[in-house]
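Each remark here refers to the structure printed beneath this line.
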Amino acid sequence: MHIPVFKNRIAELLNLSKDAVVVDATLGAGGHSFEIWEQMISGKLVSFDVDKHAIERLVALDSGWQEFTAGVWALHEGTKTWYLANANFKNIATILRSLAIHKVDVVLADLGWSTDQLGAIAGLSYSKDLDAQLDMRFSPELQVTAADLLNNLSRDQLKTLFEGNADIYGKQCFWLIEKIVQGRPLSKVSDLLKILEDADKSGIENLVPRVFQALRIAVNSELSTLQSFLSEIPRYLGRGGRLMVITFHSGEEKVVERLAAEWQKQGVIAKNQQASYLRPTVDELKENISARSAKLYIYEFLR
Ligand SMILES: C[S@@+](CC[C@H](N)C(=O)[O-])C[C@H]1O[C@@H](n2cnc3c(N)ncnc32)[C@H](O)[C@@H]1O
């Protein structure tokens, strides 16, 4: 079962006004969206998920869901409406335009993928399925697999990938790149694990999860998608609007903090907000250890 990170804190921070418009960019199992929906007296909630199973699971729970347009579902209850959009959050502008929504009060994004999703994609699990191809694509429309990157990128390109997506620098990065280049061609999970097998002996700890994460982020263009999505937000959040982003690794943190620094310069958010975030409490971590690297960034918009 997916336990939403920062559920109670987000519930306290929502503070929804009458007729609030809220975007949950990452529906997942719906933990945060249900909380928002329950708190909402009137208004609109728009929940996105690129994974159609997340949308289908929720639609199956209530016979009131109706298909609104292709890939978008609607549920009406009194004076509030909940829309579900099977769409990438980078397409927020297209979806909101189709719903005639021009202003939003709260935007929430709980980034990443659930454990179930990670287990369902070929090449993402380094503990199971060693025979799987190094694919890592969340969407079949994507052309480039992790094996393509490992086998074709130059040393410099691999350096950029591992530095930018997993903070692997210096000697460790050099060691890794040489192993990849000498181990080519790599096609299966077991091929990649084999070349990383003496990383511990070389004094590099915890390398395997970081390498797999870096490749997954690159294959699915996760950071440029996040950048596109966040760049759209100021046009929807006016004075008093709030953006809450839950990140899980330094690549996401850098994208969020870089954009927030620009907003700060432009006077869109208050000073000293850029890099301030909350961490899960000890009690939250007891319940959900996978939240140990989570950070909750909250930005209140001034205009
Ligand atoms: C960590 S889960 C969210 C969990 C959710 N907050 C809950 O309470 O259950 C992240 C979800 O975001 C979705 N997702 C990831 N990247 C996305 C993107 N670019 N656009 C839309 N959804 C995305 C994933 O499919 C996944 O279901």
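Every chain in the structure tokens has a letter given in the order shown (A, B, ...), and although residue numbers restart at 1 in each chain, ligands are simply numbered from 1 in the order shown.
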
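Running DSSP on the backbone gives helix (DSSP H, G or I) for these residues within region 261-295 of chain A: A:Ala261, A:Glu262, A:Trp263, A:Gln264, A:Lys265, A:Val282, A:Asp283, A:Glu284, A:Leu285, A:Lys286, A:Glu287, A:Ile289, A:Ser290, A:Ala291.
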
Inset, instruction - Let me have all residues with an atom within 8 Å of ligand 1, counting only C-alpha atoms and all ligand atoms, laid out as an MDAnalysis selection string. - result: chainID A and resid 2:5 7 24:33 48:51 54 86:90 109:114 117 222 225:226

Legend entry - Selection: 8 Å around region 165-168 of chain A, only C-alpha atoms, excl. self and same-chain fewer than 3 positions, as number ranges by chain: A: 161-162, 172-173, 210-211, 213-215, 217-218, 249-251

Inset, instruction - Work out how far CA of Glu300 (chain A) is from CA of Ile269 (chain A), in Å to one decimal. - result: 6.2 Å

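Pairwise distance (CA of Ser276 (chain A), CA of Ile298 (chain A)) equals 7.8 Å.
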
Legend entry - Residue nearest Arg216 (chain A) among A:Phe301, A:Trp82, A:Phe6, A:Phe138 (counting only C-alpha atoms): A:Phe138

Inset, instruction - Mind checking which residues fall within 12 Å of region 63-65 of chain A, counting only C-alpha atoms, ignoring those fewer than 5 positions away in the same chain, and posting them as a ChimeraX atom specification? - result: /A:55-58,72-77,81-84

Legend entry - Neighbour list for Val22 (chain A) as a PyMOL selection string, cut-off 10 Å, only C-alpha atoms, skip fewer than 5 positions in-chain: chain A and resi 14+16+33+36-37+40+43-47+82+103-108+241-242

Keeping only C-alpha atoms, write those residues as a tab-separated table (two decimals), in the first residue's frame.
```tsv
chain	number	residue	atom	x	y	z
A	14	LEU	CA	-4.37	23.40	2.63
A	16	LEU	CA	-8.98	26.01	1.27
A	33	SER	CA	-6.30	14.06	-3.63
A	36	ILE	CA	-8.16	17.73	-0.67
A	37	TRP	CA	-11.54	16.50	-1.92
A	40	MET	CA	-13.19	21.10	-0.27
A	43	GLY	CA	-14.67	24.44	-6.13
A	44	LYS	CA	-12.59	22.28	-8.43
A	45	LEU	CA	-9.91	19.67	-7.96
A	46	VAL	CA	-7.89	18.57	-10.99
A	47	SER	CA	-5.72	15.48	-10.46
A	82	TRP	CA	-13.21	16.58	-9.31
A	103	LYS	CA	-6.47	30.62	-11.94
A	104	VAL	CA	-5.46	28.04	-9.35
A	105	ASP	CA	-5.18	28.43	-5.56
A	106	VAL	CA	-3.03	25.42	-4.66
A	107	VAL	CA	-0.74	23.19	-6.74
A	108	LEU	CA	0.67	20.03	-5.22
A	241	GLY	CA	-1.55	30.95	-4.18
A	242	ARG	CA	0.55	28.08	-2.87
```

Non-local contacts of Arg184 (chain A) (10 Å; only C-alpha atoms; under 4 positions in same chain excluded) as an mmCIF file with N, CA and C atoms, in the first residue's frame:
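Ended up saving to result-v1.cif:
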```
data_model
loop_
_atom_site.group_PDB
_atom_site.id
_atom_site.type_symbol
_atom_site.label_atom_id
_atom_site.label_comp_id
_atom_site.auth_asym_id
_atom_site.auth_seq_id
_atom_site.Cartn_x
_atom_site.Cartn_y
_atom_site.Cartn_z
ATOM 1 N N ALA A 147 19.686 0.898 -21.891
ATOM 2 C CA ALA A 147 20.791 0.215 -22.588
ATOM 3 C C ALA A 147 21.330 1.104 -23.709
ATOM 4 N N LEU A 150 23.595 3.645 -22.088
ATOM 5 C CA LEU A 150 24.847 3.049 -21.595
ATOM 6 C C LEU A 150 25.794 2.684 -22.733
ATOM 7 N N ASN A 151 25.220 2.233 -23.847
ATOM 8 C CA ASN A 151 26.062 1.736 -24.944
ATOM 9 C C ASN A 151 26.508 2.820 -25.917
ATOM 10 N N ASN A 152 25.809 3.954 -25.931
ATOM 11 C CA ASN A 152 26.095 4.941 -26.985
ATOM 12 C C ASN A 152 26.584 6.308 -26.510
ATOM 13 N N LYS A 179 34.154 1.585 -16.265
ATOM 14 C CA LYS A 179 33.523 0.255 -16.167
ATOM 15 C C LYS A 179 32.466 0.097 -17.260
ATOM 16 N N ILE A 180 31.671 1.142 -17.470
ATOM 17 C CA ILE A 180 30.598 1.065 -18.479
ATOM 18 C C ILE A 180 31.215 0.911 -19.868
ATOM 19 N N ASP A 191 23.978 -7.570 -16.500
ATOM 20 C CA ASP A 191 25.217 -7.033 -17.107
ATOM 21 C C ASP A 191 25.688 -5.797 -16.336
ATOM 22 N N LEU A 192 24.712 -4.934 -15.997
ATOM 23 C CA LEU A 192 25.067 -3.695 -15.306
ATOM 24 C C LEU A 192 25.536 -4.009 -13.878
ATOM 25 N N ILE A 195 29.203 -5.262 -13.764
ATOM 26 C CA ILE A 195 30.309 -4.288 -13.840
ATOM 27 C C ILE A 195 30.391 -3.417 -12.578
#
```

Inset, instruction - Could you please write out, as an MDAnalysis selection string, every residue of region 231-264 of chain A that DSSP assigns to strand (DSSP E)? - result: chainID A and resid 237:247

Residues from the last selection, N, CA and C atoms, saved as a PDB file, in the first residue's frame:
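Output file again05.pdb follows:
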```
ATOM      1  N   LEU A 237      -0.927  30.683 -10.361  1.00  0.00           N
ATOM      2  CA  LEU A 237      -1.035  31.023  -8.935  1.00  0.00           C
ATOM      3  C   LEU A 237      -0.923  32.533  -8.758  1.00  0.00           C
ATOM      4  N   GLY A 238      -1.987  33.162  -8.341  1.00  0.00           N
ATOM      5  CA  GLY A 238      -1.920  34.601  -8.081  1.00  0.00           C
ATOM      6  C   GLY A 238      -1.525  34.851  -6.637  1.00  0.00           C
ATOM      7  N   ARG A 239      -1.768  36.057  -6.151  1.00  0.00           N
ATOM      8  CA  ARG A 239      -1.432  36.430  -4.766  1.00  0.00           C
ATOM      9  C   ARG A 239      -2.094  35.454  -3.781  1.00  0.00           C
ATOM     10  N   GLY A 240      -1.279  34.913  -2.864  1.00  0.00           N
ATOM     11  CA  GLY A 240      -1.820  33.970  -1.869  1.00  0.00           C
ATOM     12  C   GLY A 240      -1.851  32.533  -2.363  1.00  0.00           C
ATOM     13  N   GLY A 241      -1.574  32.322  -3.645  1.00  0.00           N
ATOM     14  CA  GLY A 241      -1.552  30.955  -4.182  1.00  0.00           C
ATOM     15  C   GLY A 241      -0.374  30.184  -3.607  1.00  0.00           C
ATOM     16  N   ARG A 242      -0.517  28.872  -3.481  1.00  0.00           N
ATOM     17  CA  ARG A 242       0.548  28.075  -2.868  1.00  0.00           C
ATOM     18  C   ARG A 242       0.975  26.915  -3.749  1.00  0.00           C
ATOM     19  N   LEU A 243       2.276  26.743  -3.829  1.00  0.00           N
ATOM     20  CA  LEU A 243       2.842  25.591  -4.544  1.00  0.00           C
ATOM     21  C   LEU A 243       3.513  24.704  -3.505  1.00  0.00           C
ATOM     22  N   MET A 244       3.169  23.422  -3.518  1.00  0.00           N
ATOM     23  CA  MET A 244       3.842  22.470  -2.610  1.00  0.00           C
ATOM     24  C   MET A 244       4.433  21.365  -3.467  1.00  0.00           C
ATOM     25  N   VAL A 245       5.723  21.157  -3.326  1.00  0.00           N
ATOM     26  CA  VAL A 245       6.389  20.124  -4.130  1.00  0.00           C
ATOM     27  C   VAL A 245       7.134  19.181  -3.198  1.00  0.00           C
ATOM     28  N   ILE A 246       6.885  17.887  -3.360  1.00  0.00           N
ATOM     29  CA  ILE A 246       7.607  16.889  -2.562  1.00  0.00           C
ATOM     30  C   ILE A 246       8.651  16.254  -3.472  1.00  0.00           C
ATOM     31  N   THR A 247       9.920  16.407  -3.091  1.00  0.00           N
ATOM     32  CA  THR A 247      11.017  15.860  -3.899  1.00  0.00           C
ATOM     33  C   THR A 247      11.629  14.654  -3.174  1.00  0.00           C
TER      34      THR A 247
END
```

Inset, instruction - Show which residues sit within 10 Å of Trp175 (chain A), as a PyMOL selection string. Count only C-alpha atoms, and ignore same-chain residues fewer than 5 positions away. - result: chain A and resi 169-170+180+196+199+202+204

Store the residues picked out above, limited to N, CA and C atoms, as a short mmCIF file (atom, residue, chain, number, x, y, z; two decimals), in the first residue's frame.
```cif
data_model
loop_
_atom_site.label_atom_id
_atom_site.label_comp_id
_atom_site.auth_asym_id
_atom_site.auth_seq_id
_atom_site.Cartn_x
_atom_site.Cartn_y
_atom_site.Cartn_z
N TYR A 169 30.30 12.12 -8.53
CA TYR A 169 31.33 13.05 -9.04
C TYR A 169 32.73 12.43 -8.97
N GLY A 170 33.67 13.14 -9.52
CA GLY A 170 35.10 12.89 -9.33
C GLY A 170 35.53 11.48 -9.66
N ILE A 180 31.67 1.14 -17.47
CA ILE A 180 30.60 1.06 -18.48
C ILE A 180 31.21 0.91 -19.87
N LEU A 196 29.29 -3.39 -11.81
CA LEU A 196 29.32 -2.57 -10.58
C LEU A 196 29.70 -3.38 -9.35
N ALA A 199 32.30 -2.25 -6.86
CA ALA A 199 32.24 -0.83 -6.45
C ALA A 199 32.54 -0.69 -4.96
N SER A 202 36.03 -0.82 -4.19
CA SER A 202 36.73 0.41 -4.61
C SER A 202 36.35 1.59 -3.71
N ILE A 204 33.31 2.70 -3.02
CA ILE A 204 32.13 3.46 -3.42
C ILE A 204 30.89 2.78 -2.82
#
```

Inset, instruction - Would you work out the distance separating CA of Leu193 (chain A) from CA of Leu176 (chain A), expressed in Å to one decimal? - result: 11.7 Å

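Minimum atom-to-atom distance to Phe34 (chain A), evaluated using only C-alpha atoms, belongs to A:Ala11 out of A:Ala20, A:Val256, A:Met136, A:Ala11.
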